[in-house]
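Q: Mind looking over this structure? Questions follow.
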Amino acid sequence: GGLLYSVSRLSGSRGRVVIDVDSLTDVSETLQELVAFVLGFFLTKTVDIWWDLRLKYLQQLFNVIDNMCMRMAIYFPQDTEEDALARETVLRYGLLSLALLFKDAREVDAWTVGEQADLGVNDLSDLISEGLLTEDEASRLNDRGVAARSQLVWVWISSLFTKWCLDGRLPDPFGNQNMMLEYSERARNQIGFILAQLNMQFPLEYEHLVTIMAKILMLTMAFETGMLWGAVWLHDANGTEYTTTLLTAISKSIMLTIMPVLYQGILDIKETITNPFRDGYTDYSFKVFRSRLANECQAFFDAGLYPPYVPVERKTAAVLPPQFLERQISSAMYE
């Protein structure tokens, strides 16, 4: 705008400069529509991924933990130390898997040893202090490195149910073992999907294209706004073109103030919600998830201890008799 004004003053053409406002603003309006389309698709895809992580994959993991604890409430309903330990162990392992998932997910953003320490990726002391992990279990996890710790817990759960089937503590041991293995596989799959999604980024070229297009739009709008204000200075203040150009310049100035904030905000939203397992104010809350799961499962345990059909004098819930696995040995093995 200042350049246009200076050239006009030097050439003595002040008041006689004619600028086609519509043609001048066509470029930025066309770019604005294109950037809005590309950036809108960019943000929509990011939000869809964020939503799937919570409602599709993470919720399925919650469902597996709830379903396992509901079965524990039925198969171990007695108010004894042995049954209580069995129920609480399965619940604790389920919550432990969720806690380790948060640590495994945060490890995606840790590029150095210092960042891993800042994020607490390798530090399991908080889980020990919260009662989700024992010292022996922590040492076993540390021996196997950082990778797949949240998935290893489901191997422990599957092995524990296998032990109970062999010890004759579950009815229909074959059926229950297969069911619990399916639960464990489903939970491991959901964790695998979550970690794979977090490690999968948008193509770098696509992100660069979106960012460059937004920056070019801002520069184009700034140039147009400057030219419009230069035209305002050159126009006769009493002419109709002056009023039109002035209103257009004011409108462009307002848009130039708002649009960079809006577009940069959209780009920042994408970066903020890409990994919702971090410890930001917009991220998932492990404490909330843990409390809800623990309360739900504890309600299942209480309902199994004291169902409404149990008479007062008996005070024990019905439980199916446990069965031992039947082993069939073929004589051909010894031939």
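As shown in the structure tokens, the chain order sets the letters A, B, ...; within each chain, residues go from 1, and ligands are also counted from 1 in the order they appear.
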Write out as an MDAnalysis selection string which residues come within 12 Å of Lys163 in chain A when counting only C-alpha atoms, dropping same-chain ones fewer than 6 positions away.
A: chainID A and resid 86 156:157 169:170 173:174 176:177 324:325
Q: I need the residues from that last selection saved to file as a PDB file, in the first residue's frame (with N, CA and C atoms), if you can.
A:
ATOM      1  N   ALA A  86      -8.707 -63.613  44.139  1.00  0.00           N
ATOM      2  CA  ALA A  86      -8.882 -63.923  42.718  1.00  0.00           C
ATOM      3  C   ALA A  86      -9.578 -62.778  41.996  1.00  0.00           C
ATOM      4  N   TRP A 156      -0.317 -62.659  31.351  1.00  0.00           N
ATOM      5  CA  TRP A 156      -0.455 -63.042  32.757  1.00  0.00           C
ATOM      6  C   TRP A 156      -1.898 -63.437  33.069  1.00  0.00           C
ATOM      7  N   ILE A 157      -2.845 -62.659  32.584  1.00  0.00           N
ATOM      8  CA  ILE A 157      -4.255 -62.957  32.863  1.00  0.00           C
ATOM      9  C   ILE A 157      -4.645 -64.303  32.254  1.00  0.00           C
ATOM     10  N   ARG A 169     -10.756 -74.894  39.765  1.00  0.00           N
ATOM     11  CA  ARG A 169     -11.468 -73.816  40.450  1.00  0.00           C
ATOM     12  C   ARG A 169     -12.556 -73.195  39.587  1.00  0.00           C
ATOM     13  N   LEU A 170     -12.707 -73.659  38.344  1.00  0.00           N
ATOM     14  CA  LEU A 170     -13.698 -73.083  37.447  1.00  0.00           C
ATOM     15  C   LEU A 170     -14.602 -74.171  36.888  1.00  0.00           C
ATOM     16  N   PRO A 173     -14.042 -76.039  32.531  1.00  0.00           N
ATOM     17  CA  PRO A 173     -12.706 -75.449  32.378  1.00  0.00           C
ATOM     18  C   PRO A 173     -12.289 -75.219  30.931  1.00  0.00           C
ATOM     19  N   PHE A 174     -12.640 -76.160  30.031  1.00  0.00           N
ATOM     20  CA  PHE A 174     -12.270 -75.966  28.637  1.00  0.00           C
ATOM     21  C   PHE A 174     -12.968 -74.742  28.051  1.00  0.00           C
ATOM     22  N   ASN A 176     -14.342 -72.188  29.633  1.00  0.00           N
ATOM     23  CA  ASN A 176     -13.918 -70.945  30.267  1.00  0.00           C
ATOM     24  C   ASN A 176     -12.532 -70.522  29.822  1.00  0.00           C
ATOM     25  N   GLN A 177     -11.645 -71.486  29.664  1.00  0.00           N
ATOM     26  CA  GLN A 177     -10.303 -71.123  29.219  1.00  0.00           C
ATOM     27  C   GLN A 177     -10.344 -70.510  27.818  1.00  0.00           C
ATOM     28  N   PHE A 324     -12.416 -80.442  37.374  1.00  0.00           N
ATOM     29  CA  PHE A 324     -11.042 -80.659  36.922  1.00  0.00           C
ATOM     30  C   PHE A 324     -11.062 -81.026  35.444  1.00  0.00           C
ATOM     31  N   LEU A 325      -9.991 -80.686  34.766  1.00  0.00           N
ATOM     32  CA  LEU A 325      -9.862 -81.073  33.370  1.00  0.00           C
ATOM     33  C   LEU A 325      -9.738 -82.582  33.263  1.00  0.00           C
TER      34      LEU A 325
END
Q: Using only C-alpha atoms, what table do you get, as a tab-separated table, when you list each residue of range 252-320 of chain A with an atom no more than 12 Å from range 190-202 of chain A, its nearest pair of atoms, and their distance in Å rounded to one decimal, rows by chain then rising number?
A:
residue	atom	partner	partner_atom	distance
A:Lys270	CA	A:Phe202	CA	10.7
A:Glu271	CA	A:Gln201	CA	10.9
A:Ile273	CA	A:Leu198	CA	10.6
A:Thr274	CA	A:Leu198	CA	7.4
A:Asn275	CA	A:Leu198	CA	6.3
A:Pro276	CA	A:Leu198	CA	9.2
A:Phe277	CA	A:Leu198	CA	9.5
A:Arg278	CA	A:Leu198	CA	11.4
Q: Quick one: residues within 9 Å of Asp79 in chain A, only C-alpha atoms, excluding same-chain residues fewer than 4 positions away - as a VMD selection string?
A: chain A and resid 83 to 84 305 316
Q: Those residues you just picked out, can you put them in a file as a CSV table (one decimal), in the first residue's frame with all heavy atoms?
A:
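Below is the file that was written, out-v2.csv:
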chain,number,residue,atom,x,y,z
A,83,ASP,N,-11.3,-66.2,47.4
A,83,ASP,CA,-12.1,-65.6,46.3
A,83,ASP,C,-11.9,-64.1,46.1
A,83,ASP,O,-11.8,-63.6,44.9
A,83,ASP,CB,-13.6,-65.9,46.5
A,83,ASP,CG,-14.0,-67.3,46.2
A,83,ASP,OD1,-13.1,-68.1,46.0
A,83,ASP,OD2,-15.2,-67.6,46.1
A,84,ALA,N,-11.7,-63.4,47.2
A,84,ALA,CA,-11.5,-62.0,47.1
A,84,ALA,C,-10.1,-61.7,46.4
A,84,ALA,O,-10.0,-60.8,45.5
A,84,ALA,CB,-11.5,-61.3,48.5
A,305,LEU,N,-21.7,-61.1,45.5
A,305,LEU,CA,-21.6,-61.5,46.9
A,305,LEU,C,-23.0,-61.6,47.5
A,305,LEU,O,-23.3,-62.5,48.3
A,305,LEU,CB,-20.7,-60.5,47.7
A,305,LEU,CG,-19.2,-60.7,47.5
A,305,LEU,CD1,-18.5,-59.5,48.2
A,305,LEU,CD2,-18.7,-62.0,48.1
A,316,THR,N,-24.9,-66.9,51.3
A,316,THR,CA,-24.0,-67.2,50.2
A,316,THR,C,-24.6,-67.3,48.9
A,316,THR,O,-25.8,-67.8,48.8
A,316,THR,CB,-23.2,-68.5,50.5
A,316,THR,OG1,-24.2,-69.5,50.7
A,316,THR,CG2,-22.4,-68.4,51.8
Q: Hey, can you check how far CA of Val210 in chain A sits from CA of Leu39 in chain A?
A: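 Separation of CA of Val210 in chain A and CA of Leu39 in chain A: 6.5 Å.
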Q: If you take only C-alpha atoms and a cut-off of 8 Å, which residues of range 235-304 of chain A touch range 87-93 of chain A, and what are their nearest atom pairs and distances in Å to one decimal, in chain and number order, as JSON lines?
A:
{"residue": "A:Ala294", "atom": "CA", "partner": "A:Leu91", "partner_atom": "CA", "distance": 7.4}
{"residue": "A:Cys297", "atom": "CA", "partner": "A:Leu91", "partner_atom": "CA", "distance": 7.2}
{"residue": "A:Phe301", "atom": "CA", "partner": "A:Arg87", "partner_atom": "CA", "distance": 7.6}
Q: For Thr257 in chain A, which of A:Val121, A:Met218, A:Val35, A:Leu132 is the closest residue, counting only C-alpha atoms?
A: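 Among A:Val121, A:Met218, A:Val35, A:Leu132, it is A:Met218 that comes nearest to Thr257 in chain A.
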Q: Check the smallest atom-to-atom distance from each of A:Ala303, A:Leu85, A:Met221, A:Leu53 to Ala317 in chain A using only C-alpha atoms, then report the winner.
A: A:Ala303
Q: Tell me, as a CSV table (one decimal) with C-alpha atoms, in the first residue's frame, which residues lie within 10 Å of Ser253 in chain A, counting only C-alpha atoms; anything in the same chain fewer than 5 positions away does not count.
A:
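Wrote out10.csv, looks like this:
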chain,number,residue,atom,x,y,z
A,221,MET,CA,-4.5,-11.4,2.1
A,222,ALA,CA,-1.8,-9.1,3.6
A,224,GLU,CA,-4.3,-7.3,-1.0
A,225,THR,CA,-5.1,-5.4,2.2
A,226,GLY,CA,-2.0,-3.2,1.8
A,228,LEU,CA,-6.6,-1.6,-0.8
A,229,TRP,CA,-5.4,0.8,1.9
A,247,LEU,CA,-15.2,-0.6,3.3
A,248,THR,CA,-13.5,-3.4,1.4
A,258,ILE,CA,-9.1,-13.3,12.3
Q: Taking 4 positions as the minimum chain separation for residues in the same chain, which residues sit within 12 Å of Gly175 in chain A when counting only C-alpha atoms? Answer as a compact mmCIF listing (two decimals) with N, CA and C atoms, in the first residue's frame.
A:
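part-v4.txt was written with the following content:
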# COMPACT_ATOMS: atom_id res chain seq x y z
N PHE A 161 -5.86 -67.74 34.36
CA PHE A 161 -7.08 -68.51 34.15
C PHE A 161 -6.76 -69.96 33.78
N THR A 162 -5.68 -70.18 33.06
CA THR A 162 -5.28 -71.55 32.75
C THR A 162 -4.94 -72.30 34.04
N CYS A 165 -8.09 -73.23 35.81
CA CYS A 165 -8.74 -74.38 35.16
C CYS A 165 -8.05 -75.68 35.54
N LEU A 170 -12.71 -73.66 38.34
CA LEU A 170 -13.70 -73.08 37.45
C LEU A 170 -14.60 -74.17 36.89
N PRO A 171 -15.89 -73.90 36.72
CA PRO A 171 -16.75 -74.85 36.02
C PRO A 171 -16.47 -74.80 34.52
N MET A 179 -12.87 -69.01 26.43
CA MET A 179 -13.52 -67.71 26.50
C MET A 179 -12.55 -66.64 27.02
N MET A 180 -11.81 -66.96 28.06
CA MET A 180 -10.88 -65.99 28.62
C MET A 180 -9.72 -65.69 27.67
N LEU A 181 -9.30 -66.70 26.91
CA LEU A 181 -8.28 -66.45 25.90
C LEU A 181 -8.80 -65.52 24.81
N GLU A 182 -10.07 -65.69 24.44
CA GLU A 182 -10.66 -64.78 23.46
C GLU A 182 -10.74 -63.36 24.01
N GLN A 323 -14.71 -77.89 38.33
CA GLN A 323 -14.42 -79.16 37.67
C GLN A 323 -12.94 -79.22 37.32
N LEU A 325 -9.99 -80.69 34.77
CA LEU A 325 -9.86 -81.07 33.37
C LEU A 325 -9.74 -82.58 33.26
Q: Using only C-alpha atoms, pick whichever of A:Met213, A:Val153, A:Cys69, A:Leu43 has the shortest atom-to-atom distance to Gly265 in chain A.
A: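 Once distances to Gly265 in chain A are computed over only C-alpha atoms, the minimum belongs to A:Leu43.
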Q: Would you please work out which residue, of A:Glu296, A:Glu115, A:Asp123, A:Asp143, is nearest to Met68 in chain A when using only C-alpha atoms?
A: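 Closest candidate: A:Glu296.
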Q: Which is closer to Arg188 in chain A than all the others in A:Ile216, A:Leu293, A:Ile254, A:Ala148, using only C-alpha atoms?
A: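 Smallest separation from Arg188 in chain A among the options: A:Ala148.
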Q: Could you tell me how far CA of Ile65 in chain A sits from CA of Asp52 in chain A, in Å to one decimal place?
A: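 Separation between CA of Asp52 in chain A and CA of Ile65 in chain A: 18.7 Å.
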Q: Name the residues of range 55-120 of chain A that come out as alpha helix (DSSP H) in a backbone DSSP run; write them as a VMD selection string.
A: chain A and resid 59 to 75 81 to 106 113 to 119
